[in-house]
Structures are given as structure tokens and as C-alpha cells.
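Take a look at the structure below.
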Amino acid sequence: MITEYDDEPIRGLPGELPEGETLIWQGSPEWRLLARSALFTRIVGLYFAVLVALAIINGSTTGVIATLIAGAIGIGLLMLYAWAVARTTVYTLTSRRVVLRIGVALNMCINLPLAKIGGANLRPLGPVEGDLALQLIGPHKLGYLVLWPHARPWKLGNPQPMLRALPDAAVVGERLARAVANFVPVDRAQEQVTSQGQTAPQANAMSAGLQGAVA
């Protein structure tokens, strides 16, 4: 599934598309949303705000200044990393596979055949923004640390690739559902995937054609 990134005849892909395979969608994480949802910059900011408040209560001017500087540096580094991740990440959906081109220092491409995708889960992060986690069928060799931050949180034993901080997550989910429905046999294309936080019509539109359910 994993091939080392070297050259890109097509952006985000390790080679030309084979005959009969078509490009359906490409996108990247929105870096500000990625910083908030995956790197928890708001929680980190709140933590430093509490430290500043405690320093003020204790009357430590030096402590206030030092905490403000440390907080600014910490949050700044997290946001810089989020920007770098978004800049180097390309998610691709074709008629046969999902490809994740990831890695800030060392790029790699992870190819996920549609036949290996048994379910999907949409985690809303806004009106149309969100994360899209992919549940894979059967054993695989994808490690959590290899995928991170493009991995569903806390799924350490059975890592699930996640398309992070998508500005059009609902649209991508629908396109993925249609692609899988068109690819797999009809008897496997069951509308059983649920989408957390969505209304029933939205969940049905998102999950049409995908097999299984993601909790």
C-alpha cells in the first residue's frame, strides 16, 4: 500500500493514471482547521491562559511575561507545523482508489484500493468542513505513527486513515460513496455507513454505496 514519493507526473500521485482510471477529486487540509482539530491549538492556548492567570494572581510579572512568550512560541510552532502538513498533503480520489500523499520531511504515497474500503465516518468540524475516516477491510500494514496526523484518533490497534480538515468534507464523502458503489459488486454496496453528527438525509447521502458502519 505504501510507496515512497519521488516524482509526480500528476500532482499528488506517484505515476500516471492507468487506462480506465479517472480522477474524481483532489484536495488538501485547511491548515487553520487542522491546527484546531488535530493539534489542539485552542486547548493549548487555554492552558497557557490559565498559567498567565495564575501568574497574575501570584503577582509574578516575570512569570506572566515568560508564560506569554512560551505560549506564543508553542502555539506558533503548532500552527507552522499545521501549515507545513497542509502544504505537503494531497488527498486524491479516483475511480479505483484513494491516495494519500503525506509527509512533511519525507513524502510518501499511500494507495488504498476502493475494494479495501469497507466504511467511512464523517466527523463534522463546521457547516461543511470535517474529517473523513476510512475503515479498511482485512489486515493491513499501516502504522498509526506512519499515518499521523492523517489517522483517526485513538484507533491505535487498527489504524484508520483519515482525510483531515477538509473544507468540503460532505461533498467528498458523497463522491467517495458513489465511487465505491460504482466499483464494488451490487450486493456489497449497502447503505449502512453512518455519519456522526449528521441528520438522517445527510448520513444517507454520505453513506450510499459503502459497506459496514463506523462507530
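If you're wondering about the labels, chains in the C-alpha cells are A, B, ... by order shown, residues count from 1 in each chain, ligands from 1 in order shown.
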* To do: Extract the full set of alpha helix (DSSP H) residues from segment 15-188 of chain A according to DSSP on the backbone, and format it as number ranges by chain.
  => A: 31-37, 41-57, 61-88, 144-147, 169-183
* Please, which residues of segment 44-210 of chain A, numbered as in this document, come out strand (DSSP E or B) from DSSP, as number ranges by chain? -> A: 90-94, 97-102, 108-113, 117-124, 130-136, 151, 161-166
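Each of A:Ile75, A:Ala105, A:Val90, A:Leu68 was checked against Leu166 of chain A using only C-alpha atoms; the smallest atom-to-atom distance is that of A:Val90.
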* Tell me, as an MDAnalysis selection string, which residues lie within 9 Å of segment 171-173 of chain A, counting only C-alpha atoms; anything in the same chain fewer than 3 positions away does not count. => chainID A and resid 25 93 120:122 128 132 166 168 176:178 205:207
For Pro18 of chain A, find every residue with an atom within 12 Å (counting only C-alpha atoms), except residues of its own chain fewer than 3 positions away, and show them as an mmCIF file with N, CA, C and O atoms, in the first residue's frame.
data_model
loop_
_atom_site.group_PDB
_atom_site.id
_atom_site.type_symbol
_atom_site.label_atom_id
_atom_site.label_comp_id
_atom_site.auth_asym_id
_atom_site.auth_seq_id
_atom_site.Cartn_x
_atom_site.Cartn_y
_atom_site.Cartn_z
ATOM 1 N N ILE A 10 1.477 13.449 -12.069
ATOM 2 C CA ILE A 10 0.231 14.131 -11.730
ATOM 3 C C ILE A 10 0.323 14.518 -10.264
ATOM 4 O O ILE A 10 0.734 13.714 -9.429
ATOM 5 N N LEU A 13 0.061 12.156 -7.052
ATOM 6 C CA LEU A 13 0.068 10.750 -7.453
ATOM 7 C C LEU A 13 1.482 10.319 -7.830
ATOM 8 O O LEU A 13 2.241 11.104 -8.397
ATOM 9 N N PRO A 14 1.846 9.057 -7.535
ATOM 10 C CA PRO A 14 3.204 8.594 -7.828
ATOM 11 C C PRO A 14 3.445 8.287 -9.298
ATOM 12 O O PRO A 14 4.588 8.061 -9.706
ATOM 13 N N GLY A 15 2.395 8.238 -10.098
ATOM 14 C CA GLY A 15 2.554 7.938 -11.519
ATOM 15 C C GLY A 15 1.319 8.330 -12.298
ATOM 16 O O GLY A 15 0.329 8.817 -11.744
ATOM 17 N N GLU A 21 -8.786 4.371 -15.438
ATOM 18 C CA GLU A 21 -8.930 5.003 -14.121
ATOM 19 C C GLU A 21 -9.081 6.507 -14.307
ATOM 20 O O GLU A 21 -8.303 7.132 -15.036
ATOM 21 N N THR A 22 -10.051 7.094 -13.636
ATOM 22 C CA THR A 22 -10.315 8.523 -13.797
ATOM 23 C C THR A 22 -10.181 9.249 -12.466
ATOM 24 O O THR A 22 -10.430 8.689 -11.401
ATOM 25 N N LEU A 23 -9.777 10.499 -12.542
ATOM 26 C CA LEU A 23 -9.633 11.347 -11.359
ATOM 27 C C LEU A 23 -10.989 11.943 -10.998
ATOM 28 O O LEU A 23 -11.650 12.565 -11.833
ATOM 29 N N THR A 94 -9.884 8.536 -6.937
ATOM 30 C CA THR A 94 -10.075 8.143 -8.331
ATOM 31 C C THR A 94 -11.183 7.099 -8.400
ATOM 32 O O THR A 94 -11.763 6.712 -7.387
ATOM 33 N N SER A 95 -11.430 6.631 -9.573
ATOM 34 C CA SER A 95 -12.465 5.612 -9.756
ATOM 35 C C SER A 95 -12.044 4.253 -9.223
ATOM 36 O O SER A 95 -12.861 3.327 -9.176
ATOM 37 N N ARG A 96 -10.768 4.127 -8.768
ATOM 38 C CA ARG A 96 -10.285 2.836 -8.286
ATOM 39 C C ARG A 96 -9.652 2.879 -6.899
ATOM 40 O O ARG A 96 -9.484 1.844 -6.273
ATOM 41 N N ARG A 97 -9.297 4.047 -6.412
ATOM 42 C CA ARG A 97 -8.538 4.099 -5.158
ATOM 43 C C ARG A 97 -8.616 5.478 -4.518
ATOM 44 O O ARG A 97 -9.026 6.457 -5.140
#
Neighbouring residues of Leu156 of chain A were defined as those with any atom within 12 Å, considering only C-alpha atoms; residues of the same chain fewer than 3 positions away were excluded. Please report them as an mmCIF file with C-alpha atoms, in the first residue's frame.
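selection_38.cif written:
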data_model
loop_
_atom_site.group_PDB
_atom_site.id
_atom_site.type_symbol
_atom_site.label_atom_id
_atom_site.label_comp_id
_atom_site.auth_asym_id
_atom_site.auth_seq_id
_atom_site.Cartn_x
_atom_site.Cartn_y
_atom_site.Cartn_z
ATOM 1 C CA LEU A 142 -0.418 0.841 8.001
ATOM 2 C CA GLY A 143 1.001 2.048 11.304
ATOM 3 C CA TYR A 144 -0.591 4.795 13.370
ATOM 4 C CA LEU A 145 2.622 6.800 13.593
ATOM 5 C CA VAL A 146 3.175 6.485 9.842
ATOM 6 C CA LEU A 147 -0.285 7.906 9.200
ATOM 7 C CA TRP A 148 -0.394 10.609 11.903
ATOM 8 C CA ALA A 151 -5.199 8.878 11.288
ATOM 9 C CA ARG A 152 -8.424 8.554 13.240
ATOM 10 C CA PRO A 153 -7.713 9.406 16.897
ATOM 11 C CA PRO A 159 -5.353 2.421 12.437
ATOM 12 C CA GLN A 160 -7.833 4.101 10.135
ATOM 13 C CA PRO A 161 -6.589 6.585 7.532
#
